[in-house]
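**Q** Have a look at this one.
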Amino acid sequence: MKINGTPYRSVWRDAQDPNLVHIFDQTKLPWTLDILGLRDEAQVAHAIRTMQVRGAPLIGAVAAYGLAFALRKDASDPGLTESAAMLVETRPTAINLRWAIERMVAHLRPLAPEMRVEAAYREADAICDEDVQVNESIGRHGLALLRELWEKRRPGQERLNILTHCNAGWIATVDWGTALAPIYMAHDSGLPVHVWVDETRPRNQGALLTAWELGAHGVPHTLVADNAGGHLMQHGDVDLVIVGTDRVTRQGDVANKIGTYLKALAAQDNDVPFWVALPSSTIDWRVTDGVQEIPIEERAGDEVTHVHGLDDQGQATRLRVTPHATQAANPAFDVTPARLVSGLITERGCCAANAGSLSALFPDLAD
Ligand SMILES: CSC[C@@H](O)[C@@H](O)C(=O)COP(=O)(O)O
């Protein structure tokens, strides 16, 4: 997607130095466009843990380059195993991270160690290129859904109101995004979409990143406090919810940013369709019951007790919003059971959130 008219991906190899990979530091967006260079696996692990890169597909893609960096130092079998394990552990909930590393290891292990570094870079490049294509397909299938909804609009309805939570845009993937891809395509094709952007406490990915992305692309949007969604739905102001996801179980349960479950409950109570956009790399075929089985990342409490933003002088600043002694818990994701999900938008088309529909759409992936 474009920033000030220049097309970018969220991760890219340096044109001159093949051992250098660039990312945007997402902890600085939207105020500062800081491009970071990553050269070793420790920098990659740090970038993932601190959320300089974030979003399920993007952390998988960047981790793949991390493995290539690690192999430059030690391409032996034990080296491969150890570096893969270190990278997989950087964040626990998004399955795309494990998917990307397992794909890399399966590709590299049969090769002689001296062949592994080049092959690792090529495979990481392929993961990135495929992510762009997959998200573009998700966008096309989601666009058809949005068109259908628009055709059924109420008399006098002027815009299609879509609510989204967190950031599942191009900056969370290599390009296009998942939940936002259909929205970009709808906007580009002249459909009058308007997006309610949940701020997404505590890290405010909606307020910081989704608002920035949509604004840069000219998509009409309005930021709302996380708790406003139910009210908007009760008043007929939301036609559809679309969110991304970090892991979908084989029966269609959906892990996504904390607060997603509450939106799904409100959507069901108000007959608002609740759709989830995902690449097939987000499906964890080994897991059935999302609430019981998906590990939920617990992040530091100071993400809740403090906010960061710009002061009136335009300086980035961090402020405590609680009493000094307050302890905060910070579960970063929740699970929306499949029964609350209207459907899944994937690169192969839309399907119901249940085991039969998922395995019918992906017979080659479901064991
Ligand atoms: C296409 S991104 C889908 C999800 O990864 C996204 O909705 C999300 O929850 C991101 O969480 P984050 O903690 O910001 O990495």
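How things are named: the first chain in the structure tokens is A, the next is B, and so on; residues count from 1 in each chain; ligands count from 1 in the order shown.
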Using only C-alpha atoms and all ligand atoms, what are the residues with an atom within 7 Å of ligand 1, set out as a PyMOL selection string?
**A** chain A and resi 51+54-57+94+165-169+172-173+177-179+205+243-246+256-257+332-333
**Q** So which bits of segment 147-359 of chain A end up alpha helix (DSSP H) when you DSSP the backbone, as a VMD selection string?
**A** chain A and resid 147 to 151 180 to 188 205 211 to 217 229 to 234 260 to 269 290 to 293 302 to 305 355 to 359
**Q** Give me a file of those residues, with C-alpha atoms, as a PDB file, in the first residue's frame.
**A**
ATOM      1  CA  ARG A 147     -21.308  -5.760  -2.413  1.00  0.00           C
ATOM      2  CA  GLU A 148     -24.023  -8.245  -1.461  1.00  0.00           C
ATOM      3  CA  LEU A 149     -24.712  -6.371   1.759  1.00  0.00           C
ATOM      4  CA  TRP A 150     -24.785  -3.053  -0.047  1.00  0.00           C
ATOM      5  CA  GLU A 151     -27.329  -4.406  -2.521  1.00  0.00           C
ATOM      6  CA  LEU A 180      -9.025  -4.285   5.776  1.00  0.00           C
ATOM      7  CA  ALA A 181      -8.296  -5.744   2.324  1.00  0.00           C
ATOM      8  CA  PRO A 182     -12.016  -5.979   1.355  1.00  0.00           C
ATOM      9  CA  ILE A 183     -12.541  -2.485   2.732  1.00  0.00           C
ATOM     10  CA  TYR A 184      -9.738  -1.015   0.612  1.00  0.00           C
ATOM     11  CA  MET A 185     -11.102  -2.758  -2.473  1.00  0.00           C
ATOM     12  CA  ALA A 186     -14.661  -1.653  -1.731  1.00  0.00           C
ATOM     13  CA  HIS A 187     -13.546   1.938  -1.314  1.00  0.00           C
ATOM     14  CA  ASP A 188     -11.464   1.800  -4.513  1.00  0.00           C
ATOM     15  CA  GLN A 205      -3.769  -0.553  17.509  1.00  0.00           C
ATOM     16  CA  ALA A 211      -6.922   5.039  11.744  1.00  0.00           C
ATOM     17  CA  TRP A 212      -3.566   5.870  10.147  1.00  0.00           C
ATOM     18  CA  GLU A 213      -3.918   3.261   7.406  1.00  0.00           C
ATOM     19  CA  LEU A 214      -7.500   4.158   6.530  1.00  0.00           C
ATOM     20  CA  GLY A 215      -6.711   7.862   6.597  1.00  0.00           C
ATOM     21  CA  ALA A 216      -3.719   7.406   4.292  1.00  0.00           C
ATOM     22  CA  HIS A 217      -5.928   5.535   1.821  1.00  0.00           C
ATOM     23  CA  GLY A 229     -19.651  -0.873  19.568  1.00  0.00           C
ATOM     24  CA  GLY A 230     -22.659  -2.405  21.331  1.00  0.00           C
ATOM     25  CA  HIS A 231     -24.422   0.944  21.456  1.00  0.00           C
ATOM     26  CA  LEU A 232     -23.792   1.581  17.752  1.00  0.00           C
ATOM     27  CA  MET A 233     -25.161  -1.851  16.892  1.00  0.00           C
ATOM     28  CA  GLN A 234     -28.313  -1.325  18.981  1.00  0.00           C
ATOM     29  CA  THR A 260     -13.168  -9.159  20.017  1.00  0.00           C
ATOM     30  CA  TYR A 261     -15.376 -11.634  21.913  1.00  0.00           C
ATOM     31  CA  LEU A 262     -17.453  -8.826  23.410  1.00  0.00           C
ATOM     32  CA  LYS A 263     -18.021  -7.391  19.932  1.00  0.00           C
ATOM     33  CA  ALA A 264     -19.169 -10.793  18.709  1.00  0.00           C
ATOM     34  CA  LEU A 265     -21.632 -11.077  21.610  1.00  0.00           C
ATOM     35  CA  ALA A 266     -23.043  -7.647  20.872  1.00  0.00           C
ATOM     36  CA  ALA A 267     -23.220  -8.455  17.163  1.00  0.00           C
ATOM     37  CA  GLN A 268     -25.208 -11.615  17.807  1.00  0.00           C
ATOM     38  CA  ASP A 269     -27.628  -9.832  20.121  1.00  0.00           C
ATOM     39  CA  GLY A 290     -10.184 -22.470  21.186  1.00  0.00           C
ATOM     40  CA  VAL A 291     -11.124 -21.398  24.701  1.00  0.00           C
ATOM     41  CA  GLN A 292      -9.469 -24.424  26.274  1.00  0.00           C
ATOM     42  CA  GLU A 293      -6.513 -24.898  23.977  1.00  0.00           C
ATOM     43  CA  ASP A 302       2.220  -1.309  32.389  1.00  0.00           C
ATOM     44  CA  GLU A 303       0.591  -1.470  28.950  1.00  0.00           C
ATOM     45  CA  VAL A 304      -2.676  -1.030  30.889  1.00  0.00           C
ATOM     46  CA  THR A 305      -1.563   1.334  33.645  1.00  0.00           C
ATOM     47  CA  ALA A 355     -15.179 -28.125  11.062  1.00  0.00           C
ATOM     48  CA  GLY A 356     -17.040 -29.475   8.024  1.00  0.00           C
ATOM     49  CA  SER A 357     -16.926 -26.236   6.030  1.00  0.00           C
ATOM     50  CA  LEU A 358     -13.296 -25.548   6.858  1.00  0.00           C
ATOM     51  CA  SER A 359     -12.120 -29.006   5.904  1.00  0.00           C
TER      52      SER A 359
END
**Q** So how many Å separate atom CA of Cys350 of chain A and atom CA of Ala63 of chain A, to one decimal?
**A**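 Between atom CA of Cys350 of chain A and atom CA of Ala63 of chain A the gap works out to 28.4 Å.
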**Q** State, in Å with one decimal place, the distance from atom CA of Asp14 of chain A to atom CA of Leu108 of chain A.
**A**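 Calculated distance between atom CA of Asp14 of chain A and atom CA of Leu108 of chain A is 22.6 Å.
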**Q** From segment 151-344 of chain A, collect each residue whose DSSP state is strand (DSSP E or B) and return the set as a ChimeraX atom specification.
**A** /A:160-164,193-198,221-224,240-243,247-249,254-257,274-277,283-284,298,306-310,316-320,331,333-336,343-344
**Q** Could you tell me how far atom CA of Leu20 of chain A lies from atom CA of Glu41 of chain A, in Å and to one decimal?
**A**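 One can read the atom CA of Leu20 of chain A to atom CA of Glu41 of chain A distance as 11.3 Å.
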**Q** Just want the 10 Å neighbourhood of Arg9 of chain A, counted on only C-alpha atoms, with same-chain residues fewer than 6 positions away dropped. Output as a ChimeraX atom specification.
**A** /A:1-2,22-24,128,132,170-171,173-176
**Q** Counting only C-alpha atoms, what is within 10 Å of Gly314 of chain A, bar same-chain residues fewer than 4 positions away, as number ranges by chain?
**A** A: 31, 309-310
**Q** Would you export the selected residues with C-alpha atoms as a compact mmCIF listing (two decimals), in the first residue's frame, please?
**A**
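Result file is out35.txt:
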# COMPACT_ATOMS: atom_id res chain seq x y z
CA TRP A 31 3.71 9.98 14.26
CA GLY A 309 0.80 9.52 22.89
CA LEU A 310 1.89 12.99 21.80
**Q** Counting only C-alpha atoms, what is within 9 Å of Leu67 of chain A, bar same-chain residues fewer than 4 positions away, as a VMD selection string?
**A** chain A and resid 40 to 41 62 to 63 71 to 72 80 83 to 84 87 101 104 to 105 117 120 to 121 124
**Q** Can those selected residues be exported to a file as a CSV table (one decimal), in the first residue's frame so that it contains C-alpha atoms?
**A**
chain,number,residue,atom,x,y,z
A,40,ASP,CA,20.3,-10.9,13.1
A,41,GLU,CA,17.9,-13.2,14.8
A,62,VAL,CA,9.7,-11.5,9.7
A,63,ALA,CA,10.5,-14.5,11.8
A,71,LEU,CA,21.7,-19.9,9.9
A,72,ARG,CA,24.4,-17.6,8.7
A,80,LEU,CA,18.4,-24.9,12.9
A,83,SER,CA,17.0,-21.0,16.4
A,84,ALA,CA,13.6,-22.2,15.2
A,87,LEU,CA,11.8,-17.6,17.3
A,101,ILE,CA,9.0,-21.4,11.1
A,104,MET,CA,11.1,-23.0,6.8
A,105,VAL,CA,12.4,-25.9,8.8
A,117,VAL,CA,21.2,-19.8,4.1
A,120,ALA,CA,16.2,-19.8,3.7
A,121,TYR,CA,16.2,-16.3,2.2
A,124,ALA,CA,11.3,-16.3,3.4
**Q** For Gly343 of chain A, find every residue with an atom within 10 Å (counting only C-alpha atoms), except residues of its own chain fewer than 4 positions away, and show them as a list in words.
**A**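 Neighbouring residues, sequence-local ones excluded: Ile242, Gly252, Pro273, Phe274, Trp275, Val276, Ala277, Ala338, Arg339, Cys350, Cys351, Ala352, Ala353, Asn354 and Ser357 of chain A.
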**Q** Once you have the residues from the selection above, write them out as a JSON list (two decimals), in the first residue's frame, restricted to C-alpha atoms.
**A**
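Full text of selection_19.json as output:
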[["chain", "number", "residue", "atom", "x", "y", "z"],
["A", 242, "ILE", "CA", -14.97, -7.67, 10.12],
["A", 252, "GLY", "CA", -13.83, -22.32, 13.67],
["A", 273, "PRO", "CA", -23.08, -10.22, 10.78],
["A", 274, "PHE", "CA", -19.71, -10.94, 12.39],
["A", 275, "TRP", "CA", -17.09, -12.00, 9.82],
["A", 276, "VAL", "CA", -13.47, -12.99, 10.29],
["A", 277, "ALA", "CA", -10.84, -12.59, 7.54],
["A", 338, "ALA", "CA", -17.46, -20.43, 16.37],
["A", 339, "ARG", "CA", -21.17, -20.18, 17.20],
["A", 350, "CYS", "CA", -15.99, -17.64, 2.29],
["A", 351, "CYS", "CA", -17.14, -20.49, 4.49],
["A", 352, "ALA", "CA", -19.05, -21.18, 7.66],
["A", 353, "ALA", "CA", -17.09, -21.32, 10.90],
["A", 354, "ASN", "CA", -17.33, -25.05, 11.51],
["A", 357, "SER", "CA", -16.93, -26.24, 6.03]]
**Q** Taking only C-alpha atoms into account, name the residue in A:Leu97, A:Val272, A:Ile138, A:Thr90 that is nearest to Gly236 of chain A.
**A**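 That would be A:Val272, the residue with the smallest distance to Gly236 of chain A.
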**Q** Return the single residue from A:Asp289, A:Ser189, A:Pro220, A:Arg153 that is closest to Gly139 of chain A, with distances computed using only C-alpha atoms.
**A** A:Ser189
**Q** Go through A:Phe69, A:Thr27, A:Pro331, A:Gln313 one by one, measure the shortest atom-to-atom distance of each to Val44 of chain A using only C-alpha atoms, and give the residue with the smallest value.
**A**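 Ranked by minimum distance to Val44 of chain A, first place goes to A:Phe69.
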